[in-house]
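**Student:** Below is the file work_33.cif, which contains mmCIF, C-alpha atoms.
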```cif
data_input
loop_
_atom_site.label_atom_id
_atom_site.label_comp_id
_atom_site.auth_asym_id
_atom_site.auth_seq_id
_atom_site.Cartn_x
_atom_site.Cartn_y
_atom_site.Cartn_z
CA MET A 192 -0.13 -11.45 -12.46
CA PRO A 193 2.07 -8.51 -11.47
CA ILE A 194 0.43 -5.51 -9.87
CA VAL A 195 2.29 -2.24 -10.27
CA ARG A 196 1.41 0.80 -8.20
CA ILE A 197 2.82 4.13 -9.27
CA GLU A 198 2.71 7.15 -7.00
CA MET A 199 3.59 10.41 -8.68
CA LEU A 200 3.04 14.07 -8.11
CA THR A 201 -0.28 15.22 -9.50
CA GLY A 202 -0.28 17.03 -12.75
CA ARG A 203 0.85 14.45 -15.28
CA GLN A 204 -1.27 14.16 -18.38
CA ASP A 205 -3.23 10.97 -18.80
CA GLU A 206 -1.65 10.59 -22.19
CA LYS A 207 1.83 10.44 -20.68
CA LYS A 208 0.72 8.09 -17.94
CA HIS A 209 -0.78 5.75 -20.49
CA GLN A 210 2.32 5.77 -22.64
CA LEU A 211 4.37 5.01 -19.55
CA ALA A 212 2.02 2.17 -18.63
CA ARG A 213 2.32 0.70 -22.11
CA GLU A 214 6.10 0.75 -21.89
CA ILE A 215 6.11 -0.81 -18.45
CA THR A 216 3.74 -3.52 -19.64
CA ALA A 217 6.03 -4.18 -22.57
CA ALA A 218 9.02 -4.39 -20.23
CA PHE A 219 7.26 -7.05 -18.17
CA ALA A 220 6.57 -9.04 -21.31
CA ARG A 221 10.09 -8.65 -22.60
CA VAL A 222 12.00 -9.29 -19.39
CA LEU A 223 9.77 -11.73 -17.52
CA GLY A 224 7.64 -13.14 -20.26
CA SER A 225 4.46 -11.85 -18.59
CA ALA A 226 1.29 -11.93 -20.63
CA PRO A 227 0.27 -8.27 -21.06
CA LYS A 228 -3.27 -9.06 -19.90
CA ASP A 229 -1.81 -10.14 -16.54
CA VAL A 230 -0.09 -6.82 -15.91
CA THR A 231 -2.17 -4.40 -13.86
CA ILE A 232 -0.91 -0.87 -13.27
CA THR A 233 -2.54 1.79 -11.13
CA PHE A 234 -1.56 5.41 -10.80
CA THR A 235 -1.99 7.35 -7.58
CA ASP A 236 -1.59 11.10 -7.75
CA VAL A 237 -0.05 12.67 -4.68
CA ALA A 238 -0.34 16.41 -4.13
CA ALA A 239 2.97 18.21 -3.68
CA SER A 240 1.83 19.30 -0.24
CA ASP A 241 1.30 15.64 0.71
CA TRP A 242 4.78 14.54 -0.34
CA VAL A 243 7.54 15.28 2.12
CA ILE A 244 11.24 14.65 1.68
CA ALA A 245 13.83 15.62 4.29
CA GLY A 246 11.00 17.08 6.33
CA GLU A 247 10.04 19.53 3.59
CA PRO A 248 6.89 19.24 1.49
CA LEU A 249 7.62 19.29 -2.23
CA GLY A 250 4.92 21.90 -2.52
CA ALA A 251 5.82 24.24 0.27
CA SER A 252 3.28 26.92 -0.47
CA ALA A 253 0.61 25.15 1.47
CA THR A 254 2.51 25.66 4.70
CA ILE A 255 3.56 29.20 3.95
CA CYS A 256 -0.05 30.25 3.45
CA PRO A 257 -2.03 27.95 5.72
CA PRO A 258 -5.78 27.82 5.15
CA PRO A 259 -7.49 30.64 7.11
CA GLN A 260 -10.46 28.48 7.91
CA ARG A 261 -12.35 31.06 9.88
CA MET B 137 -6.23 -6.49 13.79
CA PRO B 138 -6.60 -7.09 10.07
CA ILE B 139 -6.35 -4.12 7.76
CA VAL B 140 -8.13 -4.49 4.44
CA ARG B 141 -7.50 -2.10 1.59
CA ILE B 142 -9.88 -2.16 -1.32
CA GLU B 143 -9.06 -0.45 -4.58
CA MET B 144 -11.98 -0.14 -6.96
CA LEU B 145 -12.96 1.94 -9.89
CA THR B 146 -14.58 5.18 -8.83
CA GLY B 147 -18.31 5.41 -9.04
CA ARG B 148 -19.57 2.95 -6.49
CA GLN B 149 -22.21 4.23 -4.10
CA ASP B 150 -21.21 4.58 -0.48
CA GLU B 151 -24.21 2.46 0.40
CA LYS B 152 -22.85 -0.47 -1.59
CA LYS B 153 -19.35 -0.01 -0.25
CA HIS B 154 -20.65 -0.06 3.30
CA GLN B 155 -22.72 -3.18 2.72
CA LEU B 156 -19.63 -4.82 1.25
CA ALA B 157 -17.57 -3.74 4.24
CA ARG B 158 -20.11 -5.19 6.63
CA GLU B 159 -20.06 -8.51 4.83
CA ILE B 160 -16.27 -8.62 4.76
CA THR B 161 -16.15 -7.81 8.47
CA ALA B 162 -18.62 -10.61 9.12
CA ALA B 163 -16.50 -13.00 7.05
CA PHE B 164 -13.45 -12.20 9.18
CA ALA B 165 -15.45 -12.89 12.31
CA ARG B 166 -16.89 -16.10 10.94
CA VAL B 167 -13.77 -17.57 9.37
CA LEU B 168 -11.00 -16.28 11.60
CA GLY B 169 -12.85 -15.39 14.76
CA SER B 170 -11.75 -11.75 14.46
CA ALA B 171 -13.49 -9.26 16.71
CA PRO B 172 -15.37 -6.90 14.37
CA LYS B 173 -13.87 -3.87 16.13
CA ASP B 174 -10.42 -5.08 15.07
CA VAL B 175 -11.27 -5.16 11.37
CA THR B 176 -10.36 -1.96 9.56
CA ILE B 177 -11.32 -1.53 5.92
CA THR B 178 -10.44 1.38 3.68
CA PHE B 179 -11.68 2.06 0.19
CA THR B 180 -9.55 3.75 -2.43
CA ASP B 181 -11.26 4.92 -5.57
CA VAL B 182 -9.17 4.70 -8.71
CA ALA B 183 -10.21 6.58 -11.82
CA ALA B 184 -10.65 4.44 -14.91
CA SER B 185 -7.94 6.46 -16.62
CA ASP B 186 -5.54 5.57 -13.78
CA TRP B 187 -6.16 1.84 -14.03
CA VAL B 188 -4.30 0.06 -16.80
CA ILE B 189 -4.53 -3.59 -17.77
CA ALA B 190 -2.66 -5.08 -20.70
CA GLY B 191 -1.32 -1.63 -21.41
CA GLU B 192 -4.80 -0.19 -21.91
CA PRO B 193 -6.49 2.17 -19.47
CA LEU B 194 -9.89 0.92 -18.40
CA GLY B 195 -11.19 4.35 -19.19
CA ALA B 196 -9.47 5.05 -22.45
CA SER B 197 -11.65 7.96 -23.27
CA ALA B 198 -9.84 10.33 -20.96
CA THR B 199 -6.92 10.70 -23.32
CA ILE B 200 -8.58 10.11 -26.63
CA CYS B 201 -11.83 11.92 -26.13
CA PRO B 202 -13.94 13.04 -23.20
CA PRO B 203 -16.53 10.54 -21.96
CA PRO B 204 -19.76 10.93 -23.97
CA GLN B 205 -21.88 9.69 -21.12
CA ARG B 206 -25.20 9.80 -22.86
CA MET C 149 -11.40 -5.22 -11.21
CA PRO C 150 -11.20 -4.73 -7.46
CA ILE C 151 -7.88 -5.35 -5.75
CA VAL C 152 -8.08 -6.29 -2.09
CA ARG C 153 -5.02 -6.25 0.11
CA ILE C 154 -5.25 -7.92 3.48
CA GLU C 155 -2.65 -7.39 6.16
CA MET C 156 -2.89 -9.76 9.07
CA LEU C 157 -0.67 -11.06 11.80
CA THR C 158 1.38 -14.02 10.67
CA GLY C 159 0.27 -17.43 11.74
CA ARG C 160 -3.03 -17.96 9.98
CA GLN C 161 -3.40 -21.22 8.12
CA ASP C 162 -3.60 -21.00 4.36
CA GLU C 163 -6.83 -22.96 4.54
CA LYS C 164 -8.48 -20.23 6.60
CA LYS C 165 -7.11 -17.47 4.39
CA HIS C 166 -8.47 -19.18 1.32
CA GLN C 167 -11.89 -19.65 2.85
CA LEU C 168 -11.88 -15.98 3.79
CA ALA C 169 -10.86 -15.03 0.26
CA ARG C 170 -13.67 -17.11 -1.20
CA GLU C 171 -16.22 -15.40 1.03
CA ILE C 172 -14.87 -11.95 0.21
CA THR C 173 -14.99 -12.75 -3.49
CA ALA C 174 -18.58 -13.91 -3.09
CA ALA C 175 -19.43 -10.69 -1.25
CA PHE C 176 -18.09 -8.63 -4.16
CA ALA C 177 -20.21 -10.62 -6.57
CA ARG C 178 -23.32 -10.38 -4.41
CA VAL C 179 -23.08 -6.72 -3.41
CA LEU C 180 -21.42 -5.12 -6.42
CA GLY C 181 -22.08 -7.63 -9.13
CA SER C 182 -18.34 -8.13 -9.69
CA ALA C 183 -17.29 -11.05 -11.81
CA PRO C 184 -15.30 -13.34 -9.49
CA LYS C 185 -12.45 -13.53 -12.00
CA ASP C 186 -12.01 -9.77 -11.62
CA VAL C 187 -11.51 -9.93 -7.87
CA THR C 188 -7.86 -10.14 -6.84
CA ILE C 189 -6.97 -10.61 -3.20
CA THR C 190 -3.50 -10.67 -1.71
CA PHE C 191 -2.50 -11.51 1.82
CA THR C 192 0.43 -9.89 3.55
CA ASP C 193 1.60 -11.41 6.79
CA VAL C 194 2.92 -8.96 9.34
CA ALA C 195 4.99 -10.18 12.26
CA ALA C 196 3.63 -9.20 15.66
CA SER C 197 6.84 -7.33 16.35
CA ASP C 198 6.26 -5.25 13.20
CA TRP C 199 2.74 -4.22 14.16
CA VAL C 200 2.49 -1.40 16.65
CA ILE C 201 -0.65 0.03 18.20
CA ALA C 202 -0.59 2.79 20.80
CA GLY C 203 3.18 2.68 20.64
CA GLU C 204 3.31 -0.96 21.72
CA PRO C 205 4.22 -3.83 19.41
CA LEU C 206 1.60 -6.57 19.37
CA GLY C 207 4.42 -9.02 19.91
CA ALA C 208 6.25 -7.41 22.75
CA SER C 209 8.78 -10.15 23.38
CA ALA C 210 11.23 -8.69 20.94
CA THR C 211 11.46 -5.55 23.01
CA ILE C 212 11.36 -7.28 26.37
CA CYS C 213 14.45 -9.25 25.48
CA PRO C 214 16.35 -6.84 23.27
CA PRO C 215 19.41 -8.10 21.43
CA PRO C 216 22.45 -7.64 23.67
CA GLN C 217 24.40 -5.72 21.06
CA ARG C 218 27.56 -5.40 23.05
CA MET D 176 15.79 5.24 2.40
CA PRO D 177 12.66 4.76 4.49
CA ILE D 178 9.30 5.39 2.86
CA VAL D 179 6.50 6.30 5.23
CA ARG D 180 2.88 6.27 4.13
CA ILE D 181 0.34 7.91 6.35
CA GLU D 182 -3.36 7.36 5.86
CA MET D 183 -5.56 9.71 7.82
CA LEU D 184 -9.07 11.00 7.70
CA THR D 185 -9.39 13.97 5.41
CA GLY D 186 -9.59 17.36 6.95
CA ARG D 187 -6.20 17.89 8.54
CA GLN D 188 -4.52 21.17 7.75
CA ASP D 189 -1.40 20.99 5.63
CA GLU D 190 0.39 22.92 8.32
CA LYS D 191 -0.23 20.18 10.86
CA LYS D 192 0.69 17.44 8.41
CA HIS D 193 3.97 19.16 7.66
CA GLN D 194 4.81 19.62 11.31
CA LEU D 195 4.07 15.94 11.86
CA ALA D 196 6.27 15.02 8.90
CA ARG D 197 9.14 17.09 10.29
CA GLU D 198 8.88 15.37 13.64
CA ILE D 199 8.75 11.92 12.07
CA THR D 200 11.77 12.74 9.94
CA ALA D 201 13.60 13.90 13.04
CA ALA D 202 12.66 10.68 14.82
CA PHE D 203 14.17 8.63 12.00
CA ALA D 204 17.38 10.64 12.24
CA ARG D 205 17.51 10.37 16.02
CA VAL D 206 16.60 6.71 16.41
CA LEU D 207 18.00 5.12 13.28
CA GLY D 208 20.56 7.66 12.16
CA SER D 209 18.74 8.14 8.85
CA ALA D 210 19.80 11.09 6.74
CA PRO D 211 16.74 13.38 6.57
CA LYS D 212 17.04 13.59 2.78
CA ASP D 213 16.48 9.81 2.64
CA VAL D 214 13.18 9.95 4.49
CA THR D 215 10.16 10.16 2.20
CA ILE D 216 6.71 10.63 3.69
CA THR D 217 3.43 10.68 1.81
CA PHE D 218 0.00 11.52 3.15
CA THR D 219 -3.14 9.88 1.85
CA ASP D 220 -6.43 11.39 2.87
CA VAL D 221 -9.25 8.92 3.33
CA ALA D 222 -12.83 10.14 3.46
CA ALA D 223 -14.73 9.14 6.58
CA SER D 224 -17.21 7.28 4.41
CA ASP D 225 -14.33 5.21 2.97
CA TRP D 226 -12.99 4.16 6.36
CA VAL D 227 -14.82 1.33 8.04
CA ILE D 228 -14.16 -0.12 11.47
CA ALA D 229 -16.26 -2.91 12.97
CA GLY D 230 -18.41 -2.77 9.86
CA GLU D 231 -19.35 0.86 10.44
CA PRO D 232 -18.07 3.74 8.34
CA LEU D 233 -16.45 6.47 10.43
CA GLY D 234 -18.58 8.93 8.51
CA ALA D 235 -21.94 7.32 8.81
CA SER D 236 -23.97 10.04 7.16
CA ALA D 237 -23.48 8.59 3.73
CA THR D 238 -25.30 5.45 4.75
CA ILE D 239 -27.89 7.14 6.90
CA CYS D 240 -28.99 9.24 3.93
CA PRO D 241 -28.31 6.97 0.99
CA PRO D 242 -28.59 8.44 -2.48
CA PRO D 243 -32.26 8.23 -3.61
CA GLN D 244 -31.47 6.59 -6.92
CA ARG D 245 -35.02 6.43 -8.17
CA MET E 174 10.00 11.48 -7.32
CA PRO E 175 7.89 8.58 -8.53
CA ILE E 176 7.60 5.56 -6.28
CA VAL E 177 6.82 2.30 -8.01
CA ARG E 178 5.71 -0.75 -6.07
CA ILE E 179 5.70 -4.06 -7.85
CA GLU E 180 3.96 -7.09 -6.42
CA MET E 181 4.79 -10.35 -8.13
CA LEU E 182 4.67 -14.01 -7.37
CA THR E 183 7.77 -15.17 -5.54
CA GLY E 184 10.38 -16.96 -7.53
CA ARG E 185 11.72 -14.39 -9.93
CA GLN E 186 15.47 -14.08 -10.12
CA ASP E 187 16.97 -10.88 -8.77
CA GLU E 188 18.74 -10.49 -12.07
CA LYS E 189 15.45 -10.34 -13.94
CA LYS E 190 13.91 -7.99 -11.40
CA HIS E 191 16.85 -5.65 -11.72
CA GLN E 192 16.70 -5.65 -15.50
CA LEU E 193 12.99 -4.89 -15.29
CA ALA E 194 13.68 -2.07 -12.83
CA ARG E 195 16.27 -0.59 -15.16
CA GLU E 196 13.83 -0.62 -18.05
CA ILE E 197 11.06 0.92 -15.98
CA THR E 198 13.43 3.63 -14.78
CA ALA E 199 14.39 4.31 -18.37
CA ALA E 200 10.73 4.51 -19.35
CA PHE E 201 10.13 7.16 -16.70
CA ALA E 202 13.05 9.17 -18.01
CA ARG E 203 11.96 8.79 -21.61
CA VAL E 204 8.25 9.42 -21.20
CA LEU E 205 8.08 11.83 -18.28
CA GLY E 206 11.57 13.26 -18.24
CA SER E 207 12.13 11.95 -14.71
CA ALA E 208 15.67 12.02 -13.41
CA PRO E 209 16.64 8.37 -12.86
CA LYS E 210 17.85 9.15 -9.33
CA ASP E 211 14.28 10.21 -8.47
CA VAL E 212 12.74 6.89 -9.49
CA THR E 213 12.36 4.46 -6.60
CA ILE E 214 11.13 0.94 -7.26
CA THR E 215 10.43 -1.73 -4.68
CA PHE E 216 9.57 -5.36 -5.27
CA THR E 217 7.27 -7.30 -3.02
CA ASP E 218 7.16 -11.05 -3.45
CA VAL E 219 3.79 -12.63 -2.84
CA ALA E 220 3.53 -16.38 -2.29
CA ALA E 221 1.18 -18.18 -4.67
CA SER E 222 -0.89 -19.28 -1.71
CA ASP E 223 -1.33 -15.63 -0.69
CA TRP E 224 -2.57 -14.52 -4.10
CA VAL E 225 -6.20 -15.26 -4.83
CA ILE E 226 -8.08 -14.60 -8.05
CA ALA E 227 -11.70 -15.58 -8.54
CA GLY E 228 -11.64 -17.05 -5.07
CA GLU E 229 -8.88 -19.51 -5.96
CA PRO E 230 -5.31 -19.21 -4.70
CA LEU E 231 -2.77 -19.25 -7.51
CA GLY E 232 -0.91 -21.88 -5.53
CA ALA E 233 -3.75 -24.21 -4.67
CA SER E 234 -1.71 -26.95 -3.09
CA ALA E 235 -1.75 -25.25 0.27
CA THR E 236 -5.48 -25.70 0.56
CA ILE E 237 -5.58 -29.17 -0.91
CA CYS E 238 -3.00 -30.35 1.59
CA PRO E 239 -3.55 -28.20 4.68
CA PRO E 240 -0.58 -27.91 7.00
CA PRO E 241 -0.41 -30.97 9.27
CA GLN E 242 1.05 -28.89 12.06
CA ARG E 243 1.51 -31.72 14.45
CA MET F 219 -7.32 6.36 13.30
CA PRO F 220 -4.13 7.02 11.37
CA ILE F 221 -2.41 4.07 9.75
CA VAL F 222 1.32 4.46 9.19
CA ARG F 223 3.22 2.10 6.96
CA ILE F 224 6.99 2.16 7.11
CA GLU F 225 9.11 0.46 4.49
CA MET F 226 12.75 0.16 5.37
CA LEU F 227 15.70 -1.91 4.39
CA THR F 228 15.84 -5.17 6.31
CA GLY F 229 18.27 -5.40 9.15
CA ARG F 230 16.97 -2.96 11.72
CA GLN F 231 16.67 -4.26 15.23
CA ASP F 232 13.17 -4.61 16.62
CA GLU F 233 14.27 -2.49 19.54
CA LYS F 234 15.02 0.45 17.29
CA LYS F 235 11.82 -0.02 15.30
CA HIS F 236 9.78 0.00 18.47
CA GLN F 237 11.47 3.12 19.78
CA LEU F 238 10.80 4.79 16.45
CA ALA F 239 7.16 3.69 16.59
CA ARG F 240 6.78 5.11 20.07
CA GLU F 241 8.17 8.45 18.96
CA ILE F 242 5.94 8.57 15.89
CA THR F 243 2.92 7.74 18.03
CA ALA F 244 3.87 10.52 20.41
CA ALA F 245 4.23 12.94 17.48
CA PHE F 246 0.69 12.12 16.31
CA ALA F 247 -0.62 12.80 19.82
CA ARG F 248 1.36 16.02 20.16
CA VAL F 249 0.72 17.48 16.72
CA LEU F 250 -2.73 16.19 15.83
CA GLY F 251 -4.13 15.30 19.21
CA SER F 252 -4.53 11.66 18.15
CA ALA F 253 -5.29 9.15 20.87
CA PRO F 254 -2.27 6.79 20.95
CA LYS F 255 -4.56 3.75 20.79
CA ASP F 256 -5.80 4.98 17.41
CA VAL F 257 -2.33 5.08 15.87
CA THR F 258 -1.42 1.89 14.02
CA ILE F 259 2.07 1.48 12.61
CA THR F 260 3.34 -1.42 10.55
CA PHE F 261 6.87 -2.08 9.43
CA THR F 262 7.69 -3.75 6.16
CA ASP F 263 11.23 -4.90 5.62
CA VAL F 264 12.47 -4.65 2.07
CA ALA F 265 15.58 -6.54 1.02
CA ALA F 266 18.30 -4.38 -0.48
CA SER F 267 18.05 -6.39 -3.69
CA ASP F 268 14.35 -5.50 -3.90
CA TRP F 269 14.90 -1.75 -3.54
CA VAL F 270 16.00 0.03 -6.68
CA ILE F 271 16.90 3.68 -7.04
CA ALA F 272 18.11 5.18 -10.31
CA GLY F 273 17.88 1.72 -11.83
CA GLU F 274 20.37 0.27 -9.36
CA PRO F 275 19.45 -2.10 -6.56
CA LEU F 276 20.65 -0.87 -3.18
CA GLY F 277 22.09 -4.30 -2.62
CA ALA F 278 23.56 -5.16 -5.98
CA SER F 279 25.60 -8.01 -4.65
CA ALA F 280 22.64 -10.34 -4.43
CA THR F 281 22.62 -11.02 -8.13
CA ILE F 282 26.26 -10.59 -8.95
CA CYS F 283 27.85 -12.22 -5.96
CA PRO F 284 26.81 -13.15 -2.45
CA PRO F 285 27.44 -10.54 0.24
CA PRO F 286 31.02 -10.96 1.56
CA GLN F 287 30.23 -9.44 4.93
CA ARG F 288 33.43 -10.40 6.61
#
```
Let me see whether you can do it: turn the structure in this file into structure tokens.

**Tutor:**
Amino acid sequence: MPIVRIEMLTGRQDEKKHQLAREITAAFARVLGSAPKDVTITFTDVAASDWVIAGEPLGASATICPPPQR
Amino acid sequence: MPIVRIEMLTGRQDEKKHQLAREITAAFARVLGSAPKDVTITFTDVAASDWVIAGEPLGASATICPPPQR
Amino acid sequence: MPIVRIEMLTGRQDEKKHQLAREITAAFARVLGSAPKDVTITFTDVAASDWVIAGEPLGASATICPPPQR
Amino acid sequence: MPIVRIEMLTGRQDEKKHQLAREITAAFARVLGSAPKDVTITFTDVAASDWVIAGEPLGASATICPPPQR
Amino acid sequence: MPIVRIEMLTGRQDEKKHQLAREITAAFARVLGSAPKDVTITFTDVAASDWVIAGEPLGASATICPPPQR
Amino acid sequence: MPIVRIEMLTGRQDEKKHQLAREITAAFARVLGSAPKDVTITFTDVAASDWVIAGEPLGASATICPPPQR
């Protein structure tokens, strides 16, 4: 019944995400004996400007050139 | 004070989401005696290609071929 | 496939939570046509001292009698 | 190691979000002695039509003018 | 920078969780080229009585024998 | 209306958490003009054995040997 939520920076190809999800599902089966059908994985893309570490956005450009909005 | 987070596949109409939210709010009031103003509900749309069960994305087309949609 | 996460203050009886979950599941079926078996709901209890609104914990006692720490 | 997730209505400028994130990071350092590099903050924008309080979406327009669908 | 959140039924041994986390970390490195130090995984245990599918708690006993609480 | 979720290692005093929450609430008011009553913050404690970075639990002792802590 595990639910796995993965937050990553936007920009990953679906193909890579799906391969990753397959390997994670397999790891659940191998390590915990989970039935694959019980393993749910969701991906959440986070924009670099919405991800901040040490007070600095990973995508700093957004702050350097703030939206004019006039 | 309950906070309810709903993750669903993208594509639902706002109208349906709002009806659902009203019914959930009413259920909190009815079952737990919650004041409706204290019930917060957020919806998070998840793309079918970002939702994986049993190692298979619900929308497999995204990687293999674009959705035909006819 | 909806996943519903409910955060509430600790202290609710399981019986009430389960009734609430049944009604929410029924609302998904009625409003969105979801198959009940596709509706997953999890409850997360949050202690009143871990829930802060307007800068004030809902359970203030912990701050009124702070640990001596000397 | 703290992870901070902030859900807000869409529409905030990145500049404001980043200033907020800097101040939150500083608060962790000041109050808990966290190393800034250990503080991760992510922002999740929620559309007003996906945020419901007291059974009413914060952005009501979507329900006032529902999609025609005929 | 990925953050992975795993919700599972309570009762898994830490040893198994840690093995699973190692394999997931390795999958991120292998598939996406992530640096292991950038992969954060957290486990959240959910009691069977707090996990509801199809309107039925996975741990049904709690509702069959409601807490006496006298 | 912002909702802030803070995951930290278990063991922080409520007093410190509440001070942190007050400062975060003040930062929302100062930077975004949020009304304090609209700022909800929840704390989630995560055990060191449930927090894994680079494939290593932050509290490795839990599986290998009980924390000495003398």

**Student:** Can you work out the spacing between CA of Ile160 (chain B) and CA of Thr258 (chain F) in Å, to one decimal?

**Tutor:**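 Going from CA of Ile160 (chain B) over to CA of Thr258 (chain F), I get 20.4 Å.
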
**Student:** Write out as JSON lines the residues of chain F that have any atom within 6 Å of an atom of chain C, one row each with the nearest atom pair and its distance in Å to one decimal, counting only C-alpha atoms, sorted by chain and then rising number.

**Tutor:**
```
{"residue": "F:Glu233", "atom": "CA", "partner": "C:Thr211", "partner_atom": "CA", "distance": 5.4}
{"residue": "F:Ala239", "atom": "CA", "partner": "C:Gly203", "partner_atom": "CA", "distance": 5.8}
{"residue": "F:Arg240", "atom": "CA", "partner": "C:Gly203", "partner_atom": "CA", "distance": 4.4}
{"residue": "F:Thr243", "atom": "CA", "partner": "C:Gly203", "partner_atom": "CA", "distance": 5.7}
{"residue": "F:Pro254", "atom": "CA", "partner": "C:Ala202", "partner_atom": "CA", "distance": 4.3}
{"residue": "F:Lys255", "atom": "CA", "partner": "C:Ala202", "partner_atom": "CA", "distance": 4.1}
{"residue": "F:Val257", "atom": "CA", "partner": "C:Ala202", "partner_atom": "CA", "distance": 5.7}
{"residue": "F:Thr258", "atom": "CA", "partner": "C:Ile201", "partner_atom": "CA", "distance": 4.6}
{"residue": "F:Ile259", "atom": "CA", "partner": "C:Val200", "partner_atom": "CA", "distance": 5.0}
{"residue": "F:Thr260", "atom": "CA", "partner": "C:Trp199", "partner_atom": "CA", "distance": 4.6}
{"residue": "F:Phe261", "atom": "CA", "partner": "C:Asp198", "partner_atom": "CA", "distance": 5.0}
```

**Student:** One decimal, Å: what's the distance from CA of Ala220 (chain A) over to CA of Met181 (chain E), could you say?

**Tutor:**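 Those two atoms sit 13.4 Å apart.
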
**Student:** One number please: CA of Arg178 (chain C) to CA of Ile179 (chain E), in Å, one decimal.

**Tutor:**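 Between CA of Arg178 (chain C) and CA of Ile179 (chain E) the gap works out to 29.9 Å.
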
**Student:** Padding of 6 Å on every side, edges along x, y and z, all listed atoms of region 186-194 of chain D included: what centre and edge lengths in Å, to one decimal, does that box have, as JSON?

**Tutor:**
```
{"center_x": -2.4, "center_y": 20.1, "center_z": 8.5, "size_x": 26.4, "size_y": 17.6, "size_z": 17.7}
```

**Student:** Some atoms are missing, so please complete region 226-231 of chain F with all heavy atoms and return it as an mmCIF file, in the frame of the given file.

**Tutor:**
```cif
data_model
loop_
_atom_site.group_PDB
_atom_site.id
_atom_site.type_symbol
_atom_site.label_atom_id
_atom_site.label_comp_id
_atom_site.auth_asym_id
_atom_site.auth_seq_id
_atom_site.Cartn_x
_atom_site.Cartn_y
_atom_site.Cartn_z
ATOM 1 N N MET F 226 11.337 -0.091 5.142
ATOM 2 C CA MET F 226 12.750 0.160 5.370
ATOM 3 C C MET F 226 13.558 -1.035 4.886
ATOM 4 O O MET F 226 13.033 -2.134 4.761
ATOM 5 C CB MET F 226 13.038 0.323 6.865
ATOM 6 C CG MET F 226 12.378 1.515 7.508
ATOM 7 S SD MET F 226 13.102 1.873 9.146
ATOM 8 C CE MET F 226 12.853 0.286 9.977
ATOM 9 N N LEU F 227 14.826 -0.800 4.694
ATOM 10 C CA LEU F 227 15.700 -1.910 4.390
ATOM 11 C C LEU F 227 15.703 -2.887 5.564
ATOM 12 O O LEU F 227 15.670 -2.471 6.721
ATOM 13 C CB LEU F 227 17.126 -1.408 4.147
ATOM 14 C CG LEU F 227 17.317 -0.715 2.802
ATOM 15 C CD1 LEU F 227 18.737 -0.166 2.699
ATOM 16 C CD2 LEU F 227 17.083 -1.722 1.665
ATOM 17 N N THR F 228 15.753 -4.160 5.257
ATOM 18 C CA THR F 228 15.840 -5.170 6.310
ATOM 19 C C THR F 228 17.106 -4.943 7.144
ATOM 20 O O THR F 228 18.062 -4.350 6.673
ATOM 21 C CB THR F 228 15.935 -6.582 5.731
ATOM 22 O OG1 THR F 228 16.971 -6.589 4.753
ATOM 23 C CG2 THR F 228 14.646 -6.990 5.093
ATOM 24 N N GLY F 229 17.060 -5.420 8.346
ATOM 25 C CA GLY F 229 18.270 -5.400 9.150
ATOM 26 C C GLY F 229 18.180 -4.538 10.390
ATOM 27 O O GLY F 229 19.071 -4.567 11.233
ATOM 28 N N ARG F 230 17.110 -3.774 10.517
ATOM 29 C CA ARG F 230 16.970 -2.960 11.720
ATOM 30 C C ARG F 230 16.560 -3.828 12.888
ATOM 31 O O ARG F 230 15.736 -4.737 12.736
ATOM 32 C CB ARG F 230 15.905 -1.876 11.518
ATOM 33 C CG ARG F 230 16.227 -0.887 10.449
ATOM 34 C CD ARG F 230 17.468 -0.115 10.788
ATOM 35 N NE ARG F 230 17.678 0.991 9.855
ATOM 36 C CZ ARG F 230 18.660 1.864 9.975
ATOM 37 N NH1 ARG F 230 19.529 1.750 10.960
ATOM 38 N NH2 ARG F 230 18.811 2.839 9.104
ATOM 39 N N GLN F 231 17.073 -3.535 14.029
ATOM 40 C CA GLN F 231 16.670 -4.260 15.230
ATOM 41 C C GLN F 231 15.243 -3.885 15.615
ATOM 42 O O GLN F 231 14.852 -2.721 15.511
ATOM 43 C CB GLN F 231 17.574 -3.889 16.405
ATOM 44 C CG GLN F 231 18.995 -4.303 16.212
ATOM 45 C CD GLN F 231 19.832 -3.881 17.395
ATOM 46 O OE1 GLN F 231 19.387 -3.072 18.204
ATOM 47 N NE2 GLN F 231 21.026 -4.424 17.485
#
```
